[in-house]
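Asker: Okay, here's the structure, questions in a sec.
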Amino acid sequence: MRYLYVTGGHQRFRVFKTEREWNLYDQALILRVDTETQSAETQVAYESPAEVCASDGLPSILFKAGTLSSQELCVCTSTEVLVFELPNFRRIGYASLPCFNDLHHVYRARDGHLLVANTGLDMVVEFTLDGRILRQWNVLGGDPWERFSRETDYRRVASTKPHLSHPNFVFQIGDDYWVTRGHQGDAICLTQPQKRVQLTSVTPHDGFIHRGRIYFTTVDGTIVIVNQDTLEIEEIVDLKAIDNQSGALLGWCRGLYVLDDSRMWVGFTRVRKTRFNEKVNWVKHVFHDWEKPTHIALYDIRAQRCLKDINLEPYGLNVLFGILPAQIS
C-alpha cells in the first residue's frame with residue numbers, strides 16, 4: 001500500500017501554551033501520504049461554518065476519524081459529518097445535528113447508516129444523511145438524555161467536559177455495533193450490552209478488524225490485539241519498546257491501518273500541554289529526552305522493528321486522528 005489518507009488538523013498560532021484543547025486547531029486537513037517518497041500533499045483543507053461551531057468564537061476545527069467505503073470517504077469534524085467522493089474529493093454528503101458535540105469518529109455501517117462517537121454527550125448516535133436519528137445509546141447505559149437537554153444546540157457549546165466515559169471509535173462485528181470507551185479502557189457492544197472487552201487502563205482508540213482479529217491503539221503507545229470470536233486479548237505490543245532507540249516520546253498514539261499480520265501503520269500526535277491534563281498523566285511516567293513530531297510510522301511487530309517514520313508537520317498536520325488506504329484511480 002503506497003498511498004494513505006491521514007485525517008487531522010492544523011494548529012493555530014498559540015500565544016499561551018496552556019490553552020484549552022477545544023481552541024487549538026484552525027483548519028481540518030486530509031493529506032495523501034506517499035509512503036515511498038515519504039512526502040504528502042493536501043487533499044482537503046476545510047473550515048466549519050460559524051453556525052455549527054462553538055459560540056465562544058475560537059472553535060477547534062479538525063477532521064477526526066472516518067470510514068472508507070467503496071469510493072467514498074466519510075469523516076467528521078467536532079460537529080459535522082462530511083462525505084467525499086474519491087479520488088477527487090468532491091463533497092457529496094453533509095450532516096450536522098444539534099446533539100453533535102466533540103465527535104471523534106464516524107462509521108458507515110453495512111446498511112448505509114451512519115454512526116458517530118458523540119463524545120461530548122457520552123453517546124453513540126445512529127442516523128441518516130438526511131438528518132433522521134434512528135437510535136441513540138448512552139455508552140454508560142440508561143437514558144441518553146439523562147444528563148443532557150434535548151432543547152440545547154450542543155454544537156454551540158465549547159465543551160461539556162469532564163466526560164464520564166469519552167467514547168472514541170465505533171466498529172461493527174457481524175450485525176453488532178461496538179464502541180471504545182476512553183475512561184473505562186474497554187470496548188462495549190451497543191446492541192448486545194452483555195458483551196465487553198477490558199483492554200487497558202489507558203485510553204484506547206481505533207478498533208481495526210483484520211483477519212479475525214481486532215486491533216486497538218492506546219494513547220501511551222501499545223497495540224492490543226483481540227480475537228474477534230472469543231473476545232479474548234491475544235497479544236499486547238509495546239511500540240515504545242520497539243522504537244526506543246532515540247529516547248523520544250513517541251506521542252499521543254491514535255490512528256491505525258493494518259497491512260497484514262506483521263505490519264501496520266500507526267499514527268502519533270505530538271504531545272502538547274493543555275489545561276485539561278488528566279488524559280496525559282501517562283506522559284509523566286515515560287522517560288524521554290524529546291518529543292517526536294506528529295507522524296505516522298510503519299511497524300513490523302513480528303520483527304520488532306520500525307520500518308519507516310514520516311513526519312507530517314512540514315505539511316501542516318499537527319494533530320492526527322485517522323489513517324486510511326488511499327483509493328487511486
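Letters A, B, ... go to the chains of the C-alpha cells in the order shown; residues in each chain start at 1; ligands are counted from 1 in the same order.
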Kindly provide the residues of stretch 211-267 of chain A that approach stretch 291-306 of chain A to within 12 Å, each paired with its closest atom pair and their distance in Å to one decimal, based on only C-alpha atoms, listed by chain and increasing number, as a Markdown table.

Answerer:
| residue | atom | partner | partner_atom | distance |
| --- | --- | --- | --- | --- |
| A:Gly221 | CA | A:Ala297 | CA | 11.7 |
| A:Thr222 | CA | A:Ile301 | CA | 11.0 |
| A:Ile223 | CA | A:Ile301 | CA | 9.6 |
| A:Val224 | CA | A:Ile301 | CA | 11.8 |
| A:Ile225 | CA | A:Ile301 | CA | 11.5 |
| A:Glu235 | CA | A:Ile301 | CA | 10.6 |
| A:Ile236 | CA | A:Ile301 | CA | 10.2 |
| A:Val237 | CA | A:Ile301 | CA | 7.3 |
| A:Asp238 | CA | A:Ile301 | CA | 9.2 |
| A:Leu239 | CA | A:Tyr299 | CA | 8.3 |
| A:Lys240 | CA | A:Cys306 | CA | 10.3 |
| A:Ala241 | CA | A:Gln304 | CA | 8.6 |
| A:Ile242 | CA | A:Gln304 | CA | 5.5 |
| A:Asp243 | CA | A:Cys306 | CA | 6.3 |
| A:Asn244 | CA | A:Cys306 | CA | 9.9 |
| A:Gln245 | CA | A:Cys306 | CA | 10.4 |
| A:Ser246 | CA | A:Lys292 | CA | 9.6 |
| A:Gly247 | CA | A:Glu291 | CA | 9.0 |
| A:Ala248 | CA | A:Glu291 | CA | 5.4 |
| A:Leu249 | CA | A:Glu291 | CA | 4.7 |
| A:Leu250 | CA | A:Lys292 | CA | 5.5 |
| A:Gly251 | CA | A:Lys292 | CA | 6.4 |
| A:Trp252 | CA | A:Thr294 | CA | 8.7 |
| A:Cys253 | CA | A:Ile296 | CA | 9.6 |
| A:Arg254 | CA | A:Ile296 | CA | 9.7 |
| A:Gly255 | CA | A:Ile296 | CA | 8.6 |
| A:Leu256 | CA | A:Ile296 | CA | 9.1 |
| A:Tyr257 | CA | A:Leu298 | CA | 9.4 |
| A:Val258 | CA | A:Leu298 | CA | 9.5 |
| A:Leu259 | CA | A:Leu298 | CA | 9.6 |
| A:Asp260 | CA | A:Asp300 | CA | 9.4 |
| A:Asp261 | CA | A:Arg302 | CA | 8.4 |
| A:Ser262 | CA | A:Asp300 | CA | 5.2 |
| A:Arg263 | CA | A:Asp300 | CA | 4.4 |
| A:Met264 | CA | A:Tyr299 | CA | 5.5 |
| A:Trp265 | CA | A:Leu298 | CA | 4.4 |
| A:Val266 | CA | A:Ala297 | CA | 5.4 |
| A:Gly267 | CA | A:Ile296 | CA | 4.4 |

Asker: Hey, which of A:Asp111, A:Asp122, A:Asp143, A:Glu47 ends up closest to A:Leu82? Count only C-alpha atoms.

Answerer: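 Smallest distance to A:Leu82 is found for A:Glu47.
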
Asker: Looking only at strand (DSSP E) from DSSP on the backbone, list the matching residues of stretch 21-57 of chain A as a ChimeraX atom specification.

Answerer: /A:25-34,39-46

Asker: Would you kindly return, as a ChimeraX atom specification, each protein, DNA or RNA residue with an atom no farther than 7 Å from any atom of A:Thr42, considering only C-alpha atoms and excluding same-chain residues fewer than 5 positions away?

Answerer: /A:30-32

Asker: Could you check the closest approach to A:Ala187 for each of A:Pro49, A:Pro167, A:Pro98, A:Gly174 and tell me which residue wins, using only C-alpha atoms?

Answerer: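 The shortest atom-to-atom distance to A:Ala187 comes from A:Pro167.
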
Asker: In terms of the shortest atom-to-atom distance over only C-alpha atoms, which of A:Cys53, A:Gln172, A:Tyr5, A:Val106 is closest to A:Phe89?

Answerer: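 Among the listed residues, the smallest separation from A:Phe89 belongs to A:Tyr5.
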
Asker: For stretch 188-204 of chain A, list every protein, DNA or RNA residue within 8 Å, evaluated using only C-alpha atoms, and leave out those in the same chain fewer than 4 positions away; present the list as number ranges by chain.

Answerer: A: 137, 139, 168, 176-184, 216-220, 224, 231-233, 279, 282

Asker: Give me, as an MDAnalysis selection string, the residues of stretch 15-171 of chain A that a backbone DSSP run labels helix (DSSP H, G or I).

Answerer: chainID A and resid 21:23 50:52 119:121 154:156
